[in-house]
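**Q** If it helps, the file is called work.cif and holds mmCIF, C-alpha atoms:
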data_final
loop_
_atom_site.label_atom_id
_atom_site.label_comp_id
_atom_site.auth_asym_id
_atom_site.auth_seq_id
_atom_site.Cartn_x
_atom_site.Cartn_y
_atom_site.Cartn_z
CA MET O 138 68.40 59.56 84.05
CA THR O 139 71.90 59.02 82.69
CA GLY O 140 71.01 60.72 79.41
CA LEU O 141 70.64 64.11 81.12
CA SER O 142 74.26 64.61 82.14
CA ALA O 143 74.75 67.58 79.80
CA LEU O 144 71.62 69.42 80.88
CA THR O 145 72.46 72.85 82.32
CA SER O 146 69.10 74.58 82.43
CA VAL O 147 65.35 74.00 82.31
CA GLY O 148 63.27 76.97 81.20
CA GLY O 149 60.05 75.82 82.83
CA ASN O 150 59.18 73.36 85.58
CA LEU O 151 61.22 70.32 86.56
CA THR O 152 59.16 67.54 88.12
CA ILE O 153 60.70 64.31 89.41
CA THR O 154 57.91 62.20 90.80
CA GLY O 155 56.74 58.62 91.20
CA ASN O 156 60.01 56.91 90.23
CA ALA O 157 60.04 53.71 92.25
CA LEU O 158 63.66 52.72 91.56
CA LEU O 159 65.35 56.13 91.45
CA THR O 160 68.03 56.34 94.16
CA ASN O 161 69.91 59.51 93.22
CA LEU O 162 69.97 62.53 90.91
CA THR O 163 73.63 62.39 89.85
CA ALA O 164 72.64 62.60 86.18
CA LEU O 165 71.62 66.22 86.83
CA SER O 166 75.02 67.32 88.13
CA ALA O 167 75.44 69.94 85.37
CA LEU O 168 72.08 71.59 86.07
CA SER O 169 72.35 75.18 87.33
CA LEU O 170 68.99 76.77 86.51
CA VAL O 171 65.31 75.84 86.72
CA GLY O 172 63.18 78.69 85.36
CA GLY O 173 59.95 77.45 86.93
CA ASP O 174 59.11 75.10 89.79
CA LEU O 175 61.20 72.24 91.13
CA GLN O 176 59.25 69.30 92.52
CA VAL O 177 60.78 66.11 93.88
CA GLN O 178 57.93 63.96 95.15
CA SER O 179 57.03 60.35 95.91
CA ASN O 180 60.31 58.71 94.93
CA PRO O 181 60.46 55.90 97.52
CA ALA O 182 64.06 54.80 96.89
CA LEU O 183 65.63 58.25 96.59
CA THR O 184 68.34 58.69 99.22
CA SER O 185 70.18 61.80 98.01
CA LEU O 186 69.72 65.14 96.25
CA ALA O 187 73.49 65.55 95.83
CA GLY O 188 73.10 65.51 92.06
CA LEU O 189 71.54 68.99 92.32
CA SER O 190 74.61 70.55 93.93
CA GLY O 191 75.24 72.74 90.86
CA LEU O 192 71.76 74.28 91.07
CA THR O 193 71.93 78.00 91.93
CA SER O 194 68.54 79.31 90.84
CA ILE O 195 64.90 78.33 90.59
CA GLY O 196 62.24 80.74 89.34
CA GLY O 197 59.19 79.30 91.06
CA PHE O 198 58.45 77.10 94.04
CA LEU O 199 60.32 74.19 95.64
CA THR O 200 58.56 71.04 96.82
CA ILE O 201 60.35 68.10 98.42
CA SER O 202 57.76 65.67 99.71
CA SER O 203 56.88 62.02 100.30
CA ASN O 204 60.37 60.75 99.58
CA VAL O 205 60.39 58.13 102.32
CA ALA O 206 64.11 57.23 102.15
CA LEU O 207 65.53 60.77 101.88
CA PRO O 208 67.50 61.73 105.05
CA ASN O 209 68.29 65.39 104.27
CA LEU O 210 68.41 68.08 101.57
CA THR O 211 72.12 67.99 100.85
CA GLY O 212 72.49 69.08 97.25
CA LEU O 213 70.48 72.30 97.51
CA SER O 214 73.25 74.41 99.05
CA GLY O 215 73.47 76.66 95.97
CA LEU O 216 70.01 78.12 96.56
CA ILE O 217 70.14 81.53 98.23
CA THR O 218 66.68 82.87 97.45
CA ILE O 219 63.52 81.09 96.35
CA PRO O 220 60.90 83.42 94.83
CA GLY O 221 57.96 81.06 95.27
CA TYR O 222 56.88 78.87 98.13
CA VAL O 223 58.89 76.11 99.79
CA SER O 224 57.16 72.95 101.00
CA ILE O 225 59.09 70.22 102.81
CA GLY O 226 56.85 67.46 104.07
CA SER O 227 56.09 63.79 104.62
CA ASN O 228 59.71 62.68 104.24
CA SER O 229 59.64 59.85 106.75
CA VAL O 230 63.34 59.50 107.64
CA MET O 231 64.49 63.09 107.14
CA THR O 232 66.32 64.10 110.33
CA SER O 233 67.52 67.54 109.24
CA LEU O 234 67.18 70.17 106.52
CA ALA O 235 70.93 70.10 105.83
CA GLY O 236 71.39 71.50 102.36
CA LEU O 237 69.46 74.73 102.86
CA SER O 238 72.17 76.54 104.81
CA ALA O 239 72.64 79.25 102.14
CA LEU O 240 68.93 80.13 101.97
CA THR O 241 68.24 83.72 103.07
CA SER O 242 64.70 84.44 101.85
CA VAL O 243 61.52 82.76 100.65
CA GLY O 244 59.23 84.81 98.42
CA GLY O 245 56.12 82.74 99.11
CA TYR O 246 55.27 80.56 102.06
CA LEU O 247 57.52 78.12 103.90
CA ARG O 248 55.88 74.93 105.16
CA ILE O 249 57.72 72.20 107.08
CA SER O 250 55.29 69.46 108.01
CA TYR O 251 54.65 65.81 108.74
CA SER O 252 58.32 64.88 109.00
CA PRO O 253 58.35 62.45 111.94
CA ALA O 254 62.15 62.09 112.20
CA LEU O 255 63.01 65.80 111.93
CA THR O 256 64.72 66.93 115.14
CA ASN O 257 65.99 70.42 114.30
CA LEU O 258 65.91 73.34 111.86
CA THR O 259 69.55 74.39 112.23
CA ALA O 260 70.11 74.33 108.46
CA LEU O 261 67.87 77.42 108.16
CA SER O 262 70.25 79.58 110.19
CA GLY O 263 70.69 82.05 107.30
CA LEU O 264 66.99 82.66 106.72
CA THR O 265 65.99 86.29 107.41
CA SER O 266 62.55 86.67 105.80
CA VAL O 267 59.51 84.73 104.67
CA VAL O 268 57.20 86.87 102.53
CA GLY O 269 54.24 84.50 102.81
CA PHE O 270 53.25 82.35 105.75
CA LEU O 271 55.51 80.17 107.88
CA SER O 272 53.99 76.88 108.96
CA ILE O 273 55.82 74.34 111.10
CA ASN O 274 53.37 71.61 111.95
CA ASN O 275 53.05 67.93 112.83
CA ASN O 276 56.76 67.24 113.23
CA VAL O 277 56.60 64.88 116.18
CA ALA O 278 60.36 64.71 116.92
CA LEU O 279 61.10 68.45 116.65
CA THR O 280 62.29 69.76 120.03
CA ASN O 281 63.29 73.36 119.20
CA LEU O 282 63.34 76.07 116.52
CA THR O 283 66.92 77.26 117.03
CA GLY O 284 67.69 77.30 113.31
CA LEU O 285 65.35 80.26 112.79
CA SER O 286 67.36 82.66 114.95
CA THR O 287 67.98 85.19 112.13
CA LEU O 288 64.38 85.34 110.91
CA THR O 289 63.05 88.87 111.45
CA THR O 290 59.78 89.05 109.49
CA VAL O 291 56.94 86.80 108.39
CA GLY O 292 54.71 88.57 105.88
CA ASP O 293 51.61 86.46 106.39
CA ASN O 294 50.62 83.84 109.00
CA LEU O 295 52.89 82.22 111.58
CA GLU O 296 51.68 78.76 112.48
CA ILE O 297 53.55 76.56 114.97
CA LYS O 298 51.32 73.65 115.88
CA GLU O 299 51.06 69.93 116.62
CA ASN O 300 54.81 69.52 117.19
CA THR O 301 54.28 67.22 120.14
CA VAL O 302 57.72 67.43 121.83
CA LEU O 303 58.50 71.08 121.07
CA THR O 304 59.28 72.66 124.45
CA ASN O 305 60.21 76.23 123.51
CA LEU O 306 60.18 78.84 120.74
CA ALA O 307 63.69 80.13 121.43
CA GLY O 308 64.67 80.00 117.76
CA LEU O 309 62.29 82.85 116.94
CA SER O 310 64.08 85.38 119.14
CA ALA O 311 64.81 87.79 116.24
CA LEU O 312 61.24 87.84 114.90
CA THR O 313 59.75 91.34 115.19
CA SER O 314 56.59 91.28 113.08
CA VAL O 315 53.98 88.93 111.63
CA GLY O 316 51.71 90.31 108.92
CA SER O 317 48.63 88.25 109.67
CA TYR O 318 47.70 85.41 112.06
CA VAL O 319 49.79 83.81 114.81
CA THR O 320 48.76 80.32 115.95
CA ILE O 321 50.66 78.48 118.71
CA LYS O 322 49.40 74.99 119.58
CA ASN O 323 51.93 72.43 120.89
CA ASN O 324 51.43 69.87 123.66
CA ALA O 325 54.84 70.21 125.35
CA LEU O 326 55.36 73.97 125.06
CA THR O 327 55.91 75.54 128.48
CA ASN O 328 55.93 79.25 127.58
CA LEU O 329 56.30 81.76 124.71
CA SER O 330 59.75 83.05 125.62
CA GLY O 331 61.12 82.76 122.07
CA LEU O 332 58.78 85.53 120.90
CA SER O 333 60.36 88.24 123.07
CA ALA O 334 61.20 90.51 120.09
CA LEU O 335 57.75 90.33 118.49
CA THR O 336 56.16 93.79 118.52
CA SER O 337 53.15 93.52 116.21
CA VAL O 338 50.74 91.00 114.72
CA GLY O 339 48.55 92.13 111.84
CA SER O 340 45.55 89.93 112.57
CA HIS O 341 44.49 87.28 115.11
CA VAL O 342 46.63 85.66 117.81
CA THR O 343 45.63 82.19 118.95
CA ILE O 344 47.29 80.49 121.94
CA GLN O 345 45.49 77.16 122.08
CA SER O 346 45.82 73.64 123.48
CA ASN O 347 49.32 74.07 124.89
CA LEU O 348 48.77 71.50 127.60
CA VAL O 349 51.71 72.28 129.92
CA MET O 350 51.97 76.06 129.39
CA THR O 351 51.57 77.85 132.72
CA SER O 352 51.90 81.49 131.63
CA LEU O 353 52.14 83.76 128.59
CA THR O 354 55.68 84.82 129.45
CA GLY O 355 57.59 85.64 126.27
CA LEU O 356 55.38 88.25 124.62
CA SER O 357 56.99 91.11 126.53
CA ALA O 358 57.56 93.34 123.46
CA LEU O 359 54.14 92.85 121.84
CA THR O 360 52.32 96.19 121.54
CA SER O 361 49.45 95.49 119.14
CA ILE O 362 47.22 92.73 117.80
CA GLY O 363 45.26 93.69 114.70
CA GLY O 364 42.47 91.15 115.14
CA ASN O 365 41.09 88.83 117.81
CA PHE O 366 43.07 87.46 120.75
CA PHE O 367 42.22 83.84 121.58
CA ILE O 368 43.51 82.15 124.75
CA GLN O 369 41.85 78.75 124.67
CA SER O 370 42.11 75.26 126.12
CA ASN O 371 45.49 75.67 127.80
CA SER O 372 44.83 73.27 130.66
CA ALA O 373 47.83 74.21 132.87
CA LEU O 374 47.62 77.97 132.36
CA THR O 375 47.46 79.70 135.74
CA SER O 376 48.49 83.23 134.82
CA LEU O 377 48.00 85.74 132.00
CA ALA O 378 51.15 87.63 132.96
CA GLY O 379 53.60 88.22 130.13
CA LEU O 380 51.92 90.99 128.12
CA PRO O 381 53.30 94.18 129.74
CA THR O 382 53.44 96.32 126.58
CA LEU O 383 50.25 95.19 124.80
CA THR O 384 48.03 98.26 124.54
CA SER O 385 45.49 97.42 121.84
CA ILE O 386 43.64 94.67 120.03
CA GLY O 387 41.67 95.30 116.87
CA GLY O 388 39.06 92.61 117.43
CA GLY O 389 37.70 90.58 120.33
CA LEU O 390 39.12 88.91 123.43
CA PHE O 391 38.31 85.23 123.96
CA ILE O 392 39.46 83.46 127.13
CA THR O 393 37.87 80.00 127.18
CA TYR O 394 38.40 76.48 128.53
CA ASN O 395 41.51 77.27 130.57
CA VAL O 396 40.61 75.02 133.49
CA ALA O 397 43.45 76.05 135.87
CA LEU O 398 43.07 79.81 135.41
CA THR O 399 41.90 81.46 138.64
CA SER O 400 42.01 85.16 137.68
CA LEU O 401 42.58 87.51 134.76
CA THR O 402 45.34 89.39 136.56
CA GLY O 403 48.16 90.01 134.12
CA LEU O 404 45.96 91.11 131.25
CA PRO O 405 46.91 94.52 129.82
CA ALA O 406 44.86 97.48 131.07
CA PHE O 407 42.56 97.55 128.04
CA THR O 408 40.13 100.46 128.16
CA SER O 409 38.17 99.21 125.17
CA ILE O 410 37.69 96.01 123.18
CA PRO O 411 36.36 96.76 119.66
CA GLY O 412 35.03 93.25 119.09
CA ASP O 413 33.45 90.63 121.33
CA LEU O 414 34.38 89.63 124.86
CA GLN O 415 34.02 85.95 125.73
CA ILE O 416 35.09 84.49 129.07
CA ASN O 417 33.66 80.99 129.13
CA ASN O 418 34.29 77.59 130.71
CA ASN O 419 37.22 78.56 132.89
CA SER O 420 36.13 76.32 135.74
CA ALA O 421 38.60 77.63 138.38
CA LEU O 422 38.15 81.34 137.60
CA THR O 423 37.10 83.29 140.69
CA SER O 424 37.69 86.89 139.63
CA LEU O 425 37.57 89.25 136.62
CA SER O 426 39.96 91.72 138.23
CA GLY O 427 42.26 91.92 135.20
CA LEU O 428 39.56 93.85 133.32
CA SER O 429 39.27 96.71 135.81
CA ALA O 430 40.22 99.41 133.26
CA LEU O 431 37.74 98.27 130.62
CA THR O 432 35.05 100.85 129.80
CA SER O 433 33.51 99.55 126.54
CA VAL O 434 33.02 96.41 124.44
CA GLY O 435 32.08 96.94 120.80
CA GLY O 436 30.40 93.58 120.31
CA TYR O 437 28.70 91.07 122.57
CA ALA O 438 29.92 89.83 125.94
CA GLU O 439 29.55 86.30 127.30
CA ILE O 440 30.62 85.36 130.80
CA PHE O 441 29.43 81.81 130.97
CA ALA O 442 30.15 78.52 132.76
CA ASN O 443 32.85 79.91 135.02
CA TYR O 444 31.59 77.85 137.93
CA ALA O 445 33.86 79.31 140.63
CA LEU O 446 33.28 82.97 139.74
CA THR O 447 32.16 84.84 142.86
CA SER O 448 32.13 88.46 141.70
CA LEU O 449 31.85 90.75 138.67
CA SER O 450 33.75 93.54 140.41
CA GLY O 451 36.46 93.44 137.76
CA LEU O 452 33.96 95.06 135.38
CA SER O 453 33.30 98.07 137.59
CA ALA O 454 34.46 100.62 134.97
CA LEU O 455 32.44 99.11 132.12
CA THR O 456 29.78 101.46 130.73
CA SER O 457 28.62 99.94 127.43
CA PHE O 458 28.29 96.87 125.20
CA GLY O 459 27.58 97.18 121.49
CA GLY O 460 25.88 93.79 121.43
CA TYR O 461 24.21 91.55 124.00
CA LEU O 462 25.36 90.59 127.49
CA ASN O 463 25.06 86.97 128.61
CA ILE O 464 26.03 85.95 132.15
CA GLY O 465 25.13 82.36 133.01
CA SER O 466 26.02 79.05 134.67
CA THR O 467 27.99 80.73 137.43
CA ASP O 468 27.03 78.57 140.39
CA VAL O 469 28.38 80.73 143.22
CA LEU O 470 27.79 84.21 141.81
CA THR O 471 25.28 85.95 144.07
CA SER O 472 25.38 89.56 142.87
CA LEU O 473 25.67 91.70 139.73
CA ALA O 474 27.06 94.60 141.75
CA GLY O 475 30.16 94.80 139.57
CA LEU O 476 28.07 96.17 136.71
CA SER O 477 27.01 99.35 138.49
CA ALA O 478 28.62 101.64 135.86
CA LEU O 479 26.86 99.97 132.92
CA THR O 480 24.59 102.40 131.08
CA SER O 481 23.88 100.72 127.72
CA VAL O 482 23.63 97.29 126.08
CA GLY O 483 23.17 97.20 122.31
CA HIS O 484 20.58 94.44 122.20
CA THR O 485 19.27 91.50 124.16
CA PHE O 486 20.63 87.96 124.14
CA PRO O 487 19.34 86.02 121.08
#
Is it possible to give me this structure as structure tokens?
**A**
Amino acid sequence: MTGLSALTSVGGNLTITGNALLTNLTALSALSLVGGDLQVQSNPALTSLAGLSGLTSIGGFLTISSNVALPNLTGLSGLITIPGYVSIGSNSVMTSLAGLSALTSVGGYLRISYSPALTNLTALSGLTSVVGFLSINNNVALTNLTGLSTLTTVGDNLEIKENTVLTNLAGLSALTSVGSYVTIKNNALTNLSGLSALTSVGSHVTIQSNLVMTSLTGLSALTSIGGNFFIQSNSALTSLAGLPTLTSIGGGLFITYNVALTSLTGLPAFTSIPGDLQINNNSALTSLSGLSALTSVGGYAEIFANYALTSLSGLSALTSFGGYLNIGSTDVLTSLAGLSALTSVGHTFP
């Protein structure tokens, strides 16, 4: 690349990919502008991006992926805003995102994935907004999200999943709103305490397969969920406490396969659920008392395979279902007395 030393700008895309012997980008040291996308991919010997240290602007997206010898992003410190998406992934020895410390906003999505040596996100400490989705997934050495402490909004989905040693979400403490979905799925995560400033989620919230999470503590400011609320397959979850300000959900409530959950105490005092209600396969669940304020369900209701459930008294205020009602595989349930207020069911079980 030595013949490019005078290059100061590229009007369109700049793609550097599949160069088996390329170790550095020093020949691009005069480059300050890329009008389109910048892609640096599948360069197995590349160890540094320092040659891009003069770069101050790109007009499209940024992709840094599958560069198996690249340890960090040093060389990108001139980038303050990126109007398109940013994808950092499958860089086998990358331990940090050093080089992105000046970045304040991403106009598209931000994905950080499949980086097995990545231990922290501290280089993103200046990032305040992501217009698209934020996905942090399959980074098996990532222990915390502290570098995201100034991030206040995510315009689309927030996805934190399959980061197998991630123990907390403390780095998201400034996040107040998510425009669409929230998905939290991490084996070592103990609670949701890093989401304490989050007030609204535009669509679904999924808390799933967090194997050591014992409670939902951390969502104390959340007031509304625009779509469904899924609490699924959290095998150590014993309490639903942690949602003191949640007053409404726009869709259904699904509490399934939480094998240590004994009651629904801690759920907000929902008076209505517009969508479906599904409480299935919670094998230790003995009571539905957390639903005592519920008067109507817009869709169907399934209360199924909760083998320790002894009473339906938690549904004593419920008057109507828009769809069917299915109660089954409850080995010790002897009475339907808790349904005494029920006056209408939309249709029978299929």
**Q** Once 6 Å is added on each side, what centre and edge lengths in Å to one decimal does the axis-aligned box around all listed atoms of region 373-382 of chain O have, as lines of an AutoDock Vina configuration file?
**A**
center_x = 50.5
center_y = 85.3
center_z = 131.2
size_x = 18.1
size_y = 34.1
size_z = 21.2
**Q** So what does the PyMOL selection byres ((chain O and resi 368-374) around 8) actually pick up in this one, as a ChimeraX atom specification?
**A** /O:343-352,366-367,375-377,391-398
**Q** In Å, rounded to a single decimal, give me how far CA of Leu404 (chain O) is from CA of Leu329 (chain O).
**A** 15.4 Å
**Q** Find the residues around region 214-229 of chain O up to 7 Å (only C-alpha atoms counted), leave out those fewer than 2 positions away in its own chain, and share them as a PDB file with C-alpha atoms, keeping the file's coordinate frame.
**A**
ATOM      1  CA  SER O 190      74.610  70.550  93.930  1.00  0.00           C
ATOM      2  CA  GLY O 191      75.240  72.740  90.860  1.00  0.00           C
ATOM      3  CA  LEU O 192      71.760  74.280  91.070  1.00  0.00           C
ATOM      4  CA  THR O 193      71.930  78.000  91.930  1.00  0.00           C
ATOM      5  CA  SER O 194      68.540  79.310  90.840  1.00  0.00           C
ATOM      6  CA  ILE O 195      64.900  78.330  90.590  1.00  0.00           C
ATOM      7  CA  GLY O 196      62.240  80.740  89.340  1.00  0.00           C
ATOM      8  CA  GLY O 197      59.190  79.300  91.060  1.00  0.00           C
ATOM      9  CA  PHE O 198      58.450  77.100  94.040  1.00  0.00           C
ATOM     10  CA  LEU O 199      60.320  74.190  95.640  1.00  0.00           C
ATOM     11  CA  THR O 200      58.560  71.040  96.820  1.00  0.00           C
ATOM     12  CA  ILE O 201      60.350  68.100  98.420  1.00  0.00           C
ATOM     13  CA  SER O 202      57.760  65.670  99.710  1.00  0.00           C
ATOM     14  CA  SER O 203      56.880  62.020 100.300  1.00  0.00           C
ATOM     15  CA  ASN O 204      60.370  60.750  99.580  1.00  0.00           C
ATOM     16  CA  VAL O 205      60.390  58.130 102.320  1.00  0.00           C
ATOM     17  CA  ALA O 206      64.110  57.230 102.150  1.00  0.00           C
ATOM     18  CA  LEU O 207      65.530  60.770 101.880  1.00  0.00           C
ATOM     19  CA  THR O 211      72.120  67.990 100.850  1.00  0.00           C
ATOM     20  CA  GLY O 212      72.490  69.080  97.250  1.00  0.00           C
ATOM     21  CA  MET O 231      64.490  63.090 107.140  1.00  0.00           C
ATOM     22  CA  GLY O 236      71.390  71.500 102.360  1.00  0.00           C
ATOM     23  CA  LEU O 237      69.460  74.730 102.860  1.00  0.00           C
ATOM     24  CA  SER O 238      72.170  76.540 104.810  1.00  0.00           C
ATOM     25  CA  ALA O 239      72.640  79.250 102.140  1.00  0.00           C
ATOM     26  CA  LEU O 240      68.930  80.130 101.970  1.00  0.00           C
ATOM     27  CA  THR O 241      68.240  83.720 103.070  1.00  0.00           C
ATOM     28  CA  SER O 242      64.700  84.440 101.850  1.00  0.00           C
ATOM     29  CA  VAL O 243      61.520  82.760 100.650  1.00  0.00           C
ATOM     30  CA  GLY O 244      59.230  84.810  98.420  1.00  0.00           C
ATOM     31  CA  GLY O 245      56.120  82.740  99.110  1.00  0.00           C
ATOM     32  CA  TYR O 246      55.270  80.560 102.060  1.00  0.00           C
ATOM     33  CA  LEU O 247      57.520  78.120 103.900  1.00  0.00           C
ATOM     34  CA  ARG O 248      55.880  74.930 105.160  1.00  0.00           C
ATOM     35  CA  ILE O 249      57.720  72.200 107.080  1.00  0.00           C
ATOM     36  CA  SER O 250      55.290  69.460 108.010  1.00  0.00           C
ATOM     37  CA  TYR O 251      54.650  65.810 108.740  1.00  0.00           C
ATOM     38  CA  SER O 252      58.320  64.880 109.000  1.00  0.00           C
ATOM     39  CA  PRO O 253      58.350  62.450 111.940  1.00  0.00           C
ATOM     40  CA  ALA O 254      62.150  62.090 112.200  1.00  0.00           C
TER      41      ALA O 254
END
**Q** By how many Å are CA of Thr265 (chain O) and CA of Val291 (chain O) apart?
**A**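 Answer for the CA of Thr265 (chain O) to CA of Val291 (chain O) separation: 9.1 Å.
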**Q** Between CA of Val342 (chain O) and CA of Leu479 (chain O), measure the distance and give it in Å to one decimal.
**A**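 These atoms are spaced 28.7 Å apart.
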**Q** Check the smallest atom-to-atom distance from each of O:Ser266, O:Asn275, O:Ser286, O:Leu462 to Gly316 (chain O) using all atoms listed in the file, then report the winner.
**A** O:Ser266
**Q** Using all atoms listed in the file, can you tell me which of O:Ser477, O:Thr184, O:Thr152, O:Asn281 comes closest to Val171 (chain O)?
**A**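 Nearest to Val171 (chain O): O:Thr152.
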**Q** So what does the PyMOL selection byres ((chain O and resi 464) around 10) actually pick up in this one, as a ChimeraX atom specification?
**A** /O:416-417,438-443,449,462-463,465-467,470,473,486
**Q** Now that the selection is made, can you save its residues with C-alpha atoms as a PDB file, in the frame of the given file?
**A**
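Writing the result to result.pdb gives the following:
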ATOM      1  CA  ILE O 416      35.090  84.490 129.070  1.00  0.00           C
ATOM      2  CA  ASN O 417      33.660  80.990 129.130  1.00  0.00           C
ATOM      3  CA  ALA O 438      29.920  89.830 125.940  1.00  0.00           C
ATOM      4  CA  GLU O 439      29.550  86.300 127.300  1.00  0.00           C
ATOM      5  CA  ILE O 440      30.620  85.360 130.800  1.00  0.00           C
ATOM      6  CA  PHE O 441      29.430  81.810 130.970  1.00  0.00           C
ATOM      7  CA  ALA O 442      30.150  78.520 132.760  1.00  0.00           C
ATOM      8  CA  ASN O 443      32.850  79.910 135.020  1.00  0.00           C
ATOM      9  CA  LEU O 449      31.850  90.750 138.670  1.00  0.00           C
ATOM     10  CA  LEU O 462      25.360  90.590 127.490  1.00  0.00           C
ATOM     11  CA  ASN O 463      25.060  86.970 128.610  1.00  0.00           C
ATOM     12  CA  GLY O 465      25.130  82.360 133.010  1.00  0.00           C
ATOM     13  CA  SER O 466      26.020  79.050 134.670  1.00  0.00           C
ATOM     14  CA  THR O 467      27.990  80.730 137.430  1.00  0.00           C
ATOM     15  CA  LEU O 470      27.790  84.210 141.810  1.00  0.00           C
ATOM     16  CA  LEU O 473      25.670  91.700 139.730  1.00  0.00           C
ATOM     17  CA  PHE O 486      20.630  87.960 124.140  1.00  0.00           C
TER      18      PHE O 486
END
**Q** Since the input is missing atoms for region 225-243 of chain O, could you rebuild it with N, CA and C atoms and give the result as a compact mmCIF listing (two decimals), keeping the file's coordinate frame?
**A**
# COMPACT_ATOMS: atom_id res chain seq x y z
N ILE O 225 58.32 71.41 102.44
CA ILE O 225 59.09 70.22 102.81
C ILE O 225 58.19 69.39 103.71
N GLY O 226 57.77 68.21 103.25
CA GLY O 226 56.85 67.46 104.07
C GLY O 226 56.75 65.98 103.75
N SER O 227 56.35 65.22 104.75
CA SER O 227 56.09 63.79 104.62
C SER O 227 57.28 63.02 104.08
N ASN O 228 58.48 63.42 104.54
CA ASN O 228 59.71 62.68 104.24
C ASN O 228 60.05 61.90 105.50
N SER O 229 59.72 60.64 105.52
CA SER O 229 59.64 59.85 106.75
C SER O 229 60.92 59.74 107.56
N VAL O 230 62.10 59.69 106.90
CA VAL O 230 63.34 59.50 107.64
C VAL O 230 64.21 60.75 107.64
N MET O 231 63.69 61.85 107.18
CA MET O 231 64.49 63.09 107.14
C MET O 231 64.71 63.60 108.56
N THR O 232 65.97 63.66 108.97
CA THR O 232 66.32 64.10 110.33
C THR O 232 66.72 65.56 110.40
N SER O 233 67.13 66.13 109.27
CA SER O 233 67.52 67.54 109.24
C SER O 233 67.26 68.13 107.86
N LEU O 234 67.36 69.46 107.79
CA LEU O 234 67.18 70.17 106.52
C LEU O 234 68.53 70.56 105.93
N ALA O 235 69.59 69.85 106.34
CA ALA O 235 70.93 70.10 105.83
C ALA O 235 70.91 70.15 104.31
N GLY O 236 71.44 71.24 103.78
CA GLY O 236 71.39 71.50 102.36
C GLY O 236 70.78 72.85 102.05
N LEU O 237 70.09 73.42 103.05
CA LEU O 237 69.46 74.73 102.86
C LEU O 237 70.20 75.84 103.61
N SER O 238 71.44 75.61 103.96
CA SER O 238 72.17 76.54 104.81
C SER O 238 72.44 77.89 104.16
N ALA O 239 72.39 77.97 102.82
CA ALA O 239 72.64 79.25 102.14
C ALA O 239 71.37 80.06 101.94
N LEU O 240 70.22 79.48 102.24
CA LEU O 240 68.93 80.13 101.97
C LEU O 240 68.71 81.33 102.89
N THR O 241 68.45 82.51 102.28
CA THR O 241 68.24 83.72 103.07
C THR O 241 66.80 84.22 103.02
N SER O 242 66.07 83.94 101.92
CA SER O 242 64.70 84.44 101.85
C SER O 242 63.82 83.53 101.01
N VAL O 243 62.54 83.52 101.37
CA VAL O 243 61.52 82.76 100.65
C VAL O 243 60.44 83.75 100.24
